[in-house]
>>> print(open('final37.txt').read())   # compact mmCIF, N, CA and C atoms
# COMPACT_ATOMS: atom_id res chain seq x y z
N MET P 1 134.97 3.71 -47.47
CA MET P 1 136.20 4.40 -47.21
C MET P 1 136.38 5.60 -48.16
N LEU P 2 136.08 5.40 -49.45
CA LEU P 2 136.23 6.47 -50.43
C LEU P 2 135.21 7.59 -50.18
N ILE P 3 134.00 7.19 -49.79
CA ILE P 3 132.96 8.18 -49.54
C ILE P 3 133.34 9.06 -48.35
N ARG P 4 133.85 8.41 -47.28
CA ARG P 4 134.26 9.17 -46.11
C ARG P 4 135.39 10.15 -46.44
N ARG P 5 136.35 9.71 -47.23
CA ARG P 5 137.47 10.56 -47.58
C ARG P 5 137.01 11.73 -48.47
N ALA P 6 136.15 11.43 -49.45
CA ALA P 6 135.65 12.49 -50.34
C ALA P 6 134.83 13.51 -49.55
N CYS P 7 134.00 13.03 -48.61
CA CYS P 7 133.19 13.95 -47.81
C CYS P 7 134.07 14.81 -46.91
N SER P 8 135.12 14.23 -46.34
CA SER P 8 135.99 15.03 -45.48
C SER P 8 136.77 16.06 -46.29
N ASN P 9 137.14 15.74 -47.52
CA ASN P 9 137.83 16.71 -48.37
C ASN P 9 136.91 17.87 -48.75
N LEU P 10 135.63 17.57 -48.90
CA LEU P 10 134.65 18.61 -49.26
C LEU P 10 134.06 19.29 -48.04
N LEU P 11 134.53 18.89 -46.84
CA LEU P 11 133.98 19.41 -45.58
C LEU P 11 132.47 19.17 -45.51
N LEU P 12 132.07 17.95 -45.86
CA LEU P 12 130.66 17.56 -45.93
C LEU P 12 130.46 16.37 -45.02
N ASP P 13 129.39 16.35 -44.27
CA ASP P 13 129.10 15.22 -43.40
C ASP P 13 128.62 14.04 -44.24
N THR P 14 128.96 12.84 -43.84
CA THR P 14 128.57 11.66 -44.62
C THR P 14 127.07 11.42 -44.59
N SER P 15 126.39 11.89 -43.53
CA SER P 15 124.93 11.72 -43.48
C SER P 15 124.25 12.54 -44.57
N THR P 16 124.85 13.67 -44.93
CA THR P 16 124.31 14.47 -46.03
C THR P 16 124.43 13.73 -47.34
N PHE P 17 125.53 13.01 -47.53
CA PHE P 17 125.73 12.24 -48.76
C PHE P 17 124.73 11.10 -48.87
N HIS P 18 124.42 10.45 -47.73
CA HIS P 18 123.52 9.29 -47.74
C HIS P 18 122.04 9.66 -47.61
N TYR P 19 121.73 10.96 -47.54
CA TYR P 19 120.34 11.40 -47.34
C TYR P 19 119.46 11.00 -48.52
N ARG P 20 118.29 10.46 -48.22
CA ARG P 20 117.28 10.14 -49.22
C ARG P 20 115.99 10.87 -48.84
N SER P 21 115.38 11.53 -49.80
CA SER P 21 114.15 12.27 -49.55
C SER P 21 113.01 11.33 -49.21
N ARG P 22 112.19 11.71 -48.26
CA ARG P 22 111.02 10.90 -47.88
C ARG P 22 109.73 11.47 -48.43
N ARG P 23 109.85 12.51 -49.25
CA ARG P 23 108.66 13.12 -49.82
C ARG P 23 107.98 12.13 -50.76
N PRO P 24 106.67 11.92 -50.61
CA PRO P 24 105.99 10.99 -51.52
C PRO P 24 105.96 11.55 -52.94
N HIS P 25 105.87 10.67 -53.90
CA HIS P 25 105.83 11.09 -55.30
C HIS P 25 104.55 11.85 -55.59
N GLN P 26 104.65 12.86 -56.43
CA GLN P 26 103.53 13.74 -56.72
C GLN P 26 102.92 13.48 -58.10
N ALA P 27 103.13 12.29 -58.65
CA ALA P 27 102.67 12.01 -60.02
C ALA P 27 101.15 12.14 -60.14
N ALA P 28 100.41 11.60 -59.17
CA ALA P 28 98.95 11.66 -59.25
C ALA P 28 98.46 13.10 -59.12
N LEU P 29 99.08 13.86 -58.21
CA LEU P 29 98.69 15.25 -58.03
C LEU P 29 99.02 16.08 -59.26
N LYS P 30 100.19 15.84 -59.85
CA LYS P 30 100.56 16.55 -61.08
C LYS P 30 99.59 16.24 -62.20
N GLU P 31 99.20 14.98 -62.31
CA GLU P 31 98.25 14.58 -63.35
C GLU P 31 96.90 15.27 -63.16
N ARG P 32 96.45 15.37 -61.91
CA ARG P 32 95.16 16.01 -61.64
C ARG P 32 95.23 17.51 -61.93
N ILE P 33 96.34 18.15 -61.57
CA ILE P 33 96.51 19.57 -61.87
C ILE P 33 96.49 19.81 -63.37
N LYS P 34 97.17 18.92 -64.11
CA LYS P 34 97.20 19.04 -65.57
C LYS P 34 95.80 18.86 -66.16
N ASP P 35 95.02 17.90 -65.61
CA ASP P 35 93.66 17.68 -66.10
C ASP P 35 92.78 18.91 -65.86
N ILE P 36 92.90 19.49 -64.67
CA ILE P 36 92.09 20.68 -64.36
C ILE P 36 92.46 21.81 -65.31
N CYS P 37 93.75 21.99 -65.56
CA CYS P 37 94.19 23.09 -66.43
C CYS P 37 93.83 22.85 -67.89
N GLU P 38 93.68 21.60 -68.30
CA GLU P 38 93.26 21.34 -69.68
C GLU P 38 91.78 21.65 -69.87
N THR P 39 90.97 21.37 -68.85
CA THR P 39 89.54 21.64 -68.98
C THR P 39 89.21 23.10 -68.71
N ARG P 40 89.94 23.72 -67.79
CA ARG P 40 89.71 25.11 -67.44
C ARG P 40 90.98 25.89 -67.76
N VAL P 41 91.07 26.40 -68.96
CA VAL P 41 92.30 26.99 -69.48
C VAL P 41 92.67 28.28 -68.75
N ARG P 42 91.71 29.07 -68.33
CA ARG P 42 91.99 30.36 -67.72
C ARG P 42 92.21 30.30 -66.22
N TYR P 43 92.32 29.11 -65.64
CA TYR P 43 92.53 28.98 -64.20
C TYR P 43 94.00 29.12 -63.86
N GLY P 44 94.30 29.90 -62.83
CA GLY P 44 95.65 30.00 -62.30
C GLY P 44 95.82 28.99 -61.18
N TYR P 45 96.96 29.04 -60.52
CA TYR P 45 97.24 28.04 -59.50
C TYR P 45 96.33 28.20 -58.28
N ARG P 46 95.86 29.41 -57.99
CA ARG P 46 94.98 29.60 -56.84
C ARG P 46 93.63 28.94 -57.06
N ARG P 47 93.08 29.07 -58.27
CA ARG P 47 91.81 28.42 -58.57
C ARG P 47 91.97 26.90 -58.61
N VAL P 48 93.11 26.44 -59.13
CA VAL P 48 93.39 25.01 -59.16
C VAL P 48 93.47 24.48 -57.73
N TYR P 49 94.09 25.25 -56.84
CA TYR P 49 94.19 24.87 -55.43
C TYR P 49 92.81 24.71 -54.81
N VAL P 50 91.90 25.65 -55.08
CA VAL P 50 90.54 25.58 -54.55
C VAL P 50 89.83 24.34 -55.09
N MET P 51 89.99 24.06 -56.38
CA MET P 51 89.35 22.89 -56.98
C MET P 51 89.88 21.60 -56.33
N LEU P 52 91.19 21.52 -56.11
CA LEU P 52 91.76 20.32 -55.48
C LEU P 52 91.24 20.14 -54.07
N ARG P 53 91.12 21.24 -53.31
CA ARG P 53 90.61 21.13 -51.95
C ARG P 53 89.16 20.66 -51.94
N ARG P 54 88.38 21.13 -52.91
CA ARG P 54 86.97 20.69 -53.00
C ARG P 54 86.87 19.22 -53.36
N GLU P 55 87.85 18.72 -54.10
CA GLU P 55 87.85 17.31 -54.49
C GLU P 55 88.40 16.40 -53.39
N GLY P 56 88.92 16.99 -52.31
CA GLY P 56 89.39 16.18 -51.21
C GLY P 56 90.90 16.01 -51.13
N TRP P 57 91.65 16.66 -51.98
CA TRP P 57 93.11 16.60 -51.90
C TRP P 57 93.56 17.47 -50.74
N PHE P 58 94.40 16.93 -49.87
CA PHE P 58 94.94 17.70 -48.76
C PHE P 58 96.32 18.21 -49.16
N VAL P 59 96.34 19.40 -49.79
CA VAL P 59 97.58 19.97 -50.30
C VAL P 59 97.70 21.41 -49.84
N ASN P 60 98.93 21.88 -49.85
CA ASN P 60 99.24 23.25 -49.50
C ASN P 60 99.23 24.10 -50.78
N GLN P 61 98.85 25.36 -50.64
CA GLN P 61 98.80 26.24 -51.81
C GLN P 61 100.19 26.44 -52.41
N LYS P 62 101.23 26.46 -51.56
CA LYS P 62 102.60 26.63 -52.07
C LYS P 62 103.03 25.43 -52.89
N LYS P 63 102.58 24.23 -52.49
CA LYS P 63 102.93 23.04 -53.25
C LYS P 63 102.24 23.06 -54.61
N VAL P 64 100.98 23.50 -54.63
CA VAL P 64 100.24 23.59 -55.89
C VAL P 64 100.93 24.59 -56.81
N ARG P 65 101.39 25.70 -56.26
CA ARG P 65 102.08 26.71 -57.09
C ARG P 65 103.38 26.14 -57.65
N ARG P 66 104.14 25.42 -56.81
CA ARG P 66 105.41 24.85 -57.27
C ARG P 66 105.18 23.84 -58.38
N LEU P 67 104.20 22.95 -58.21
CA LEU P 67 103.91 21.94 -59.24
C LEU P 67 103.36 22.60 -60.51
N TYR P 68 102.55 23.63 -60.32
CA TYR P 68 101.97 24.37 -61.45
C TYR P 68 103.09 24.96 -62.31
N LYS P 69 104.10 25.54 -61.65
CA LYS P 69 105.23 26.11 -62.38
C LYS P 69 106.10 25.03 -63.01
N GLU P 70 106.29 23.90 -62.30
CA GLU P 70 107.08 22.80 -62.86
C GLU P 70 106.46 22.24 -64.13
N LEU P 71 105.13 22.21 -64.17
CA LEU P 71 104.44 21.70 -65.34
C LEU P 71 104.40 22.73 -66.48
N GLY P 72 104.85 23.94 -66.21
CA GLY P 72 104.87 24.97 -67.25
C GLY P 72 103.49 25.49 -67.58
N LEU P 73 102.64 25.62 -66.58
CA LEU P 73 101.25 26.01 -66.81
C LEU P 73 100.99 27.46 -66.47
N GLN P 74 101.96 28.32 -66.66
CA GLN P 74 101.77 29.73 -66.33
C GLN P 74 100.72 30.34 -67.25
N LEU P 75 99.86 31.17 -66.64
CA LEU P 75 98.87 31.89 -67.45
C LEU P 75 99.58 32.92 -68.30
N ARG P 76 99.14 33.06 -69.51
CA ARG P 76 99.70 34.09 -70.37
C ARG P 76 99.02 35.42 -70.05
N ASN P 77 99.83 36.47 -70.00
CA ASN P 77 99.27 37.79 -69.73
C ASN P 77 98.45 38.24 -70.93
N LYS P 78 97.37 38.95 -70.64
CA LYS P 78 96.57 39.49 -71.73
C LYS P 78 97.35 40.62 -72.40
N HIS P 79 97.27 40.67 -73.71
CA HIS P 79 97.95 41.73 -74.44
C HIS P 79 97.15 43.02 -74.30
N PRO P 80 97.82 44.14 -74.15
CA PRO P 80 97.08 45.40 -74.04
C PRO P 80 96.36 45.72 -75.34
N LYS P 81 95.24 46.38 -75.21
CA LYS P 81 94.46 46.74 -76.38
C LYS P 81 95.10 47.96 -77.03
N ARG P 82 95.72 47.75 -78.16
CA ARG P 82 96.42 48.84 -78.84
C ARG P 82 95.63 49.34 -80.05
N LYS P 83 94.52 48.75 -80.34
CA LYS P 83 93.79 49.11 -81.55
C LYS P 83 93.29 50.54 -81.50
N VAL P 84 92.77 50.97 -80.35
CA VAL P 84 92.21 52.32 -80.26
C VAL P 84 93.31 53.35 -80.42
N ARG P 85 94.43 53.14 -79.75
CA ARG P 85 95.53 54.09 -79.83
C ARG P 85 96.09 54.16 -81.25
N ALA P 86 96.26 53.01 -81.88
CA ALA P 86 96.78 52.99 -83.24
C ALA P 86 95.81 53.70 -84.19
N LYS P 87 94.52 53.53 -83.96
CA LYS P 87 93.54 54.18 -84.81
C LYS P 87 93.63 55.70 -84.65
N LEU P 88 93.80 56.17 -83.40
CA LEU P 88 93.91 57.61 -83.17
C LEU P 88 95.15 58.17 -83.85
N ILE P 89 96.25 57.44 -83.83
CA ILE P 89 97.48 57.91 -84.47
C ILE P 89 97.28 57.99 -85.98
N ARG P 90 96.58 57.02 -86.57
CA ARG P 90 96.34 57.05 -88.01
C ARG P 90 95.44 58.20 -88.41
N ASP P 91 94.50 58.58 -87.53
CA ASP P 91 93.56 59.65 -87.86
C ASP P 91 94.17 61.04 -87.73
N ARG P 92 95.32 61.15 -87.08
CA ARG P 92 95.96 62.45 -86.96
C ARG P 92 96.47 62.93 -88.31
N LYS P 93 96.38 64.23 -88.51
CA LYS P 93 96.91 64.75 -89.76
C LYS P 93 98.10 65.65 -89.47
N GLU P 94 99.02 65.66 -90.37
CA GLU P 94 100.24 66.45 -90.24
C GLU P 94 99.91 67.93 -90.46
N ALA P 95 100.57 68.78 -89.70
CA ALA P 95 100.39 70.22 -89.87
C ALA P 95 101.27 70.70 -91.03
N VAL P 96 100.66 71.45 -91.95
CA VAL P 96 101.42 71.99 -93.09
C VAL P 96 101.49 73.51 -93.05
N SER P 97 100.74 74.12 -92.13
CA SER P 97 100.78 75.57 -91.98
C SER P 97 100.46 75.92 -90.52
N PRO P 98 100.79 77.12 -90.08
CA PRO P 98 100.51 77.49 -88.69
C PRO P 98 99.01 77.60 -88.42
N LEU P 99 98.65 77.45 -87.17
CA LEU P 99 97.27 77.55 -86.67
C LEU P 99 96.36 76.49 -87.29
N GLU P 100 96.89 75.37 -87.67
CA GLU P 100 96.08 74.31 -88.28
C GLU P 100 95.84 73.15 -87.31
N VAL P 101 96.89 72.68 -86.64
CA VAL P 101 96.77 71.56 -85.71
C VAL P 101 97.30 72.00 -84.35
N TRP P 102 96.48 71.76 -83.30
CA TRP P 102 96.84 72.15 -81.94
C TRP P 102 96.98 70.90 -81.09
N ALA P 103 97.83 71.00 -80.08
CA ALA P 103 97.98 69.92 -79.11
C ALA P 103 97.85 70.51 -77.72
N MET P 104 97.17 69.78 -76.84
CA MET P 104 97.05 70.26 -75.45
C MET P 104 97.41 69.12 -74.51
N ASP P 105 97.98 69.49 -73.38
CA ASP P 105 98.41 68.48 -72.42
C ASP P 105 98.51 69.12 -71.04
N PHE P 106 98.43 68.28 -70.01
CA PHE P 106 98.62 68.75 -68.64
C PHE P 106 100.04 68.40 -68.20
N VAL P 107 100.71 69.38 -67.63
CA VAL P 107 102.03 69.19 -67.03
C VAL P 107 101.85 69.45 -65.54
N HIS P 108 102.46 68.63 -64.73
CA HIS P 108 102.30 68.79 -63.28
C HIS P 108 103.60 69.28 -62.66
N ASP P 109 103.46 70.14 -61.66
CA ASP P 109 104.62 70.66 -60.95
C ASP P 109 104.30 70.67 -59.46
N GLN P 110 105.32 70.98 -58.66
CA GLN P 110 105.14 70.94 -57.22
C GLN P 110 105.86 72.13 -56.60
N LEU P 111 105.20 72.77 -55.63
CA LEU P 111 105.81 73.89 -54.93
C LEU P 111 106.78 73.40 -53.87
N ALA P 112 107.54 74.30 -53.31
CA ALA P 112 108.50 73.94 -52.25
C ALA P 112 107.77 73.43 -51.01
N THR P 113 106.52 73.84 -50.82
CA THR P 113 105.73 73.38 -49.67
C THR P 113 105.19 71.98 -49.86
N GLY P 114 105.31 71.44 -51.07
CA GLY P 114 104.83 70.10 -51.34
C GLY P 114 103.48 70.06 -52.05
N ARG P 115 102.87 71.21 -52.22
CA ARG P 115 101.56 71.26 -52.88
C ARG P 115 101.74 71.12 -54.40
N LYS P 116 100.96 70.23 -55.01
CA LYS P 116 101.06 69.97 -56.44
C LYS P 116 100.00 70.77 -57.18
N PHE P 117 100.34 71.12 -58.42
CA PHE P 117 99.36 71.83 -59.25
C PHE P 117 99.57 71.47 -60.71
N PRO P 118 98.46 71.31 -61.46
CA PRO P 118 98.57 71.02 -62.89
C PRO P 118 98.65 72.31 -63.71
N ILE P 119 99.29 72.19 -64.86
CA ILE P 119 99.42 73.31 -65.79
C ILE P 119 98.90 72.83 -67.14
N LEU P 120 97.91 73.53 -67.68
CA LEU P 120 97.38 73.20 -69.00
C LEU P 120 98.17 73.96 -70.05
N THR P 121 98.74 73.23 -71.01
CA THR P 121 99.50 73.87 -72.08
C THR P 121 98.85 73.56 -73.42
N VAL P 122 98.75 74.58 -74.27
CA VAL P 122 98.22 74.43 -75.62
C VAL P 122 99.33 74.86 -76.58
N VAL P 123 99.64 74.01 -77.58
CA VAL P 123 100.77 74.27 -78.48
C VAL P 123 100.31 74.09 -79.93
N ASP P 124 100.75 75.01 -80.80
CA ASP P 124 100.56 74.84 -82.24
C ASP P 124 101.67 73.90 -82.71
N THR P 125 101.30 72.76 -83.31
CA THR P 125 102.29 71.74 -83.63
C THR P 125 103.21 72.13 -84.79
N TRP P 126 102.80 73.06 -85.63
CA TRP P 126 103.65 73.44 -86.76
C TRP P 126 104.68 74.50 -86.37
N SER P 127 104.23 75.57 -85.72
CA SER P 127 105.14 76.68 -85.39
C SER P 127 105.65 76.61 -83.96
N LYS P 128 105.16 75.67 -83.15
CA LYS P 128 105.53 75.53 -81.73
C LYS P 128 105.15 76.77 -80.92
N TYR P 129 104.20 77.53 -81.42
CA TYR P 129 103.69 78.71 -80.71
C TYR P 129 102.79 78.24 -79.58
N VAL P 130 102.91 78.87 -78.41
CA VAL P 130 102.12 78.49 -77.24
C VAL P 130 101.16 79.64 -76.91
N PRO P 131 99.90 79.52 -77.32
CA PRO P 131 98.95 80.61 -77.04
C PRO P 131 98.41 80.60 -75.62
N ALA P 132 98.50 79.44 -74.92
CA ALA P 132 97.92 79.38 -73.58
C ALA P 132 98.71 78.46 -72.68
N ILE P 133 99.04 79.00 -71.51
CA ILE P 133 99.58 78.20 -70.41
C ILE P 133 98.78 78.62 -69.19
N ASP P 134 98.05 77.69 -68.61
CA ASP P 134 97.16 78.02 -67.51
C ASP P 134 97.47 77.11 -66.33
N ALA P 135 97.91 77.69 -65.22
CA ALA P 135 98.23 76.92 -64.01
C ALA P 135 97.17 77.18 -62.95
N ARG P 136 96.65 76.12 -62.38
CA ARG P 136 95.66 76.22 -61.30
C ARG P 136 95.90 75.10 -60.31
N TYR P 137 95.30 75.24 -59.14
CA TYR P 137 95.44 74.17 -58.15
C TYR P 137 94.49 73.01 -58.43
N SER P 138 93.39 73.28 -59.09
CA SER P 138 92.47 72.20 -59.47
C SER P 138 91.77 72.59 -60.76
N TYR P 139 91.47 71.59 -61.56
CA TYR P 139 90.82 71.80 -62.85
C TYR P 139 89.49 71.07 -62.90
N ARG P 140 88.55 71.69 -63.52
CA ARG P 140 87.28 71.06 -63.89
C ARG P 140 87.17 71.17 -65.40
N GLY P 141 86.22 70.46 -65.96
CA GLY P 141 86.02 70.51 -67.40
C GLY P 141 85.71 71.91 -67.89
N GLU P 142 84.96 72.68 -67.09
CA GLU P 142 84.60 74.03 -67.48
C GLU P 142 85.84 74.93 -67.55
N ASP P 143 86.82 74.68 -66.67
CA ASP P 143 88.04 75.47 -66.69
C ASP P 143 88.85 75.22 -67.97
N VAL P 144 88.88 73.98 -68.42
CA VAL P 144 89.57 73.65 -69.65
C VAL P 144 88.89 74.33 -70.84
N VAL P 145 87.57 74.27 -70.86
CA VAL P 145 86.81 74.92 -71.95
C VAL P 145 87.06 76.41 -71.95
N GLN P 146 87.09 77.02 -70.76
CA GLN P 146 87.32 78.46 -70.65
C GLN P 146 88.73 78.83 -71.18
N THR P 147 89.73 78.00 -70.87
CA THR P 147 91.08 78.25 -71.36
C THR P 147 91.16 78.10 -72.86
N MET P 148 90.48 77.11 -73.41
CA MET P 148 90.50 76.89 -74.85
C MET P 148 89.80 78.02 -75.57
>>> encode(input="final37.txt", output="structure tokens")
Amino acid sequence: MLIRRACSNLLLDTSTFHYRSRRPHQAALKERIKDICETRVRYGYRRVYVMLRREGWFVNQKKVRRLYKELGLQLRNKHPKRKVRAKLIRDRKEAVSPLEVWAMDFVHDQLATGRKFPILTVVDTWSKYVPAIDARYSYRGEDVVQTM
């Protein structure tokens, strides 16, 4: 009687209240996924899925992904290699007088027609003097050397 009244107050059908899931327990499958991930550390859920299928488990890839996430077995992203960039920054020297340190870069722009073109800019880092600005529709290595 109380259940019926509570369900009617919540605008909920009583069959929803009495529903029991019929999904079988996944303890054995979770254990096997954990074992595979302990032996093969770099495997993601797709590789684990392939291994389970080869072993005879009849599972869906979406179920393997869901269980993989529930177990907290996400692969860690590789960290970007910052050593080379940091080394280049350390090797740079500060400009203390004009015409000592130069910087060059490509800037891209677009015409009203939609055609894109790169612009090579060369800048003196101390005085901010720009000795060369070269715009072309295409660049080759020889063109850069010629501008320099």
>>> residues_around(input="final37.txt", residues="stretch 33-49 of chain P", least_positions_apart="4", cutoff="7 Å", atoms="all atoms listed in the file", output="PyMOL selection string")
chain P and resi 28-29+53-54+60-61+64-65+68+75
>>> write_last_selection(input="final37.txt", atoms="N, CA and C atoms", output="PDB file, in the frame of the given file")
ATOM      1  N   ALA P  28     100.410  11.600 -59.170  1.00  0.00           N
ATOM      2  CA  ALA P  28      98.950  11.660 -59.250  1.00  0.00           C
ATOM      3  C   ALA P  28      98.460  13.100 -59.120  1.00  0.00           C
ATOM      4  N   LEU P  29      99.080  13.860 -58.210  1.00  0.00           N
ATOM      5  CA  LEU P  29      98.690  15.250 -58.030  1.00  0.00           C
ATOM      6  C   LEU P  29      99.020  16.080 -59.260  1.00  0.00           C
ATOM      7  N   ARG P  53      91.120  21.240 -53.310  1.00  0.00           N
ATOM      8  CA  ARG P  53      90.610  21.130 -51.950  1.00  0.00           C
ATOM      9  C   ARG P  53      89.160  20.660 -51.940  1.00  0.00           C
ATOM     10  N   ARG P  54      88.380  21.130 -52.910  1.00  0.00           N
ATOM     11  CA  ARG P  54      86.970  20.690 -53.000  1.00  0.00           C
ATOM     12  C   ARG P  54      86.870  19.220 -53.360  1.00  0.00           C
ATOM     13  N   ASN P  60      98.930  21.880 -49.850  1.00  0.00           N
ATOM     14  CA  ASN P  60      99.240  23.250 -49.500  1.00  0.00           C
ATOM     15  C   ASN P  60      99.230  24.100 -50.780  1.00  0.00           C
ATOM     16  N   GLN P  61      98.850  25.360 -50.640  1.00  0.00           N
ATOM     17  CA  GLN P  61      98.800  26.240 -51.810  1.00  0.00           C
ATOM     18  C   GLN P  61     100.190  26.440 -52.410  1.00  0.00           C
ATOM     19  N   VAL P  64     100.980  23.500 -54.630  1.00  0.00           N
ATOM     20  CA  VAL P  64     100.240  23.590 -55.890  1.00  0.00           C
ATOM     21  C   VAL P  64     100.930  24.590 -56.810  1.00  0.00           C
ATOM     22  N   ARG P  65     101.390  25.700 -56.260  1.00  0.00           N
ATOM     23  CA  ARG P  65     102.080  26.710 -57.090  1.00  0.00           C
ATOM     24  C   ARG P  65     103.380  26.140 -57.650  1.00  0.00           C
ATOM     25  N   TYR P  68     102.550  23.630 -60.320  1.00  0.00           N
ATOM     26  CA  TYR P  68     101.970  24.370 -61.450  1.00  0.00           C
ATOM     27  C   TYR P  68     103.090  24.960 -62.310  1.00  0.00           C
ATOM     28  N   LEU P  75      99.860  31.170 -66.640  1.00  0.00           N
ATOM     29  CA  LEU P  75      98.870  31.890 -67.450  1.00  0.00           C
ATOM     30  C   LEU P  75      99.580  32.920 -68.300  1.00  0.00           C
TER      31      LEU P  75
END
>>> atom_distance(input="final37.txt", atom1="atom N of P:Leu2", atom2="atom C of P:Arg20")
20.8 Å
>>> select_by_dssp(input="final37.txt", residues="stretch 15-136 of chain P", states="helix (DSSP H, G or I)", output="ChimeraX atom specification")
/P:15-17,27-39,45-55,61-70,83-91
>>> closest_residue(input="final37.txt", among="P:Val130, P:Ala135, P:Val145, P:Leu73", to="P:Asp109", atoms="only C-alpha atoms")
P:Ala135
>>> residues_around(input="final37.txt", residues="P:Thr147", least_positions_apart="4", cutoff="7 Å", atoms="all atoms listed in the file", output="PyMOL selection string")
chain P and resi 132+142-143
>>> atom_distance(input="final37.txt", atom1="atom CA of P:Tyr137", atom2="atom CA of P:Leu120")
11.1 Å
>>> residues_around(input="final37.txt", residues="P:Phe17", least_positions_apart="3", cutoff="9 Å", atoms="only C-alpha atoms", output="MDAnalysis selection string")
chainID P and resid 3 7 12:14 20
>>> atom_distance(input="final37.txt", atom1="atom N of P:Ala103", atom2="atom N of P:Trp126")
7.7 Å
>>> select_by_dssp(input="final37.txt", residues="stretch 3-147 of chain P", states="strand (DSSP E or B)", output="ChimeraX atom specification")
/P:102-110,116-124,132-135
>>> residues_near_point(input="final37.txt", point="(101.8, 71.3, -75.6)", cutoff="6.5 Å", atoms="all atoms listed in the file", output="ChimeraX atom specification")
/P:103-105,121-124
>>> axis_aligned_box(input="final37.txt", around="stretch 45-56 of chain P", padding_each_side="5 Å", output="JSON")
{"center_x": 92.1, "center_y": 22.8, "center_z": -55.8, "size_x": 20.4, "size_y": 23.6, "size_z": 19.4}
>>> closest_residue(input="final37.txt", among="P:Ile119, P:Met148, P:Arg4, P:Ser97", to="P:Asp134", atoms="all atoms listed in the file")
P:Ile119
>>> decode(input="final37.txt", residues="stretch 101-113 of chain P", atoms="N, CA and C atoms", output="short mmCIF file (atom, residue, chain, number, x, y, z; two decimals), in the first residue's frame")
data_model
loop_
_atom_site.label_atom_id
_atom_site.label_comp_id
_atom_site.auth_asym_id
_atom_site.auth_seq_id
_atom_site.Cartn_x
_atom_site.Cartn_y
_atom_site.Cartn_z
N VAL P 101 71.43 39.33 -33.36
CA VAL P 101 70.56 38.16 -33.35
C VAL P 101 69.36 38.44 -34.25
N TRP P 102 69.09 37.50 -35.18
CA TRP P 102 67.99 37.65 -36.13
C TRP P 102 66.97 36.56 -35.87
N ALA P 103 65.72 36.86 -36.19
CA ALA P 103 64.66 35.86 -36.11
C ALA P 103 63.91 35.87 -37.43
N MET P 104 63.54 34.67 -37.89
CA MET P 104 62.75 34.60 -39.13
C MET P 104 61.56 33.70 -38.91
N ASP P 105 60.48 34.01 -39.59
CA ASP P 105 59.25 33.25 -39.42
C ASP P 105 58.38 33.43 -40.65
N PHE P 106 57.48 32.47 -40.86
CA PHE P 106 56.50 32.57 -41.94
C PHE P 106 55.17 33.03 -41.35
N VAL P 107 54.58 34.02 -41.99
CA VAL P 107 53.24 34.49 -41.64
C VAL P 107 52.37 34.18 -42.85
N HIS P 108 51.18 33.70 -42.61
CA HIS P 108 50.29 33.34 -43.72
C HIS P 108 49.14 34.32 -43.80
N ASP P 109 48.73 34.63 -45.03
CA ASP P 109 47.61 35.52 -45.25
C ASP P 109 46.76 34.94 -46.38
N GLN P 110 45.60 35.56 -46.61
CA GLN P 110 44.68 35.05 -47.61
C GLN P 110 44.09 36.22 -48.37
N LEU P 111 43.99 36.06 -49.70
CA LEU P 111 43.39 37.08 -50.54
C LEU P 111 41.88 37.00 -50.47
N ALA P 112 41.21 37.99 -51.01
CA ALA P 112 39.74 38.00 -51.04
C ALA P 112 39.21 36.84 -51.89
N THR P 113 40.00 36.37 -52.85
CA THR P 113 39.58 35.25 -53.70
C THR P 113 39.70 33.91 -52.99
#
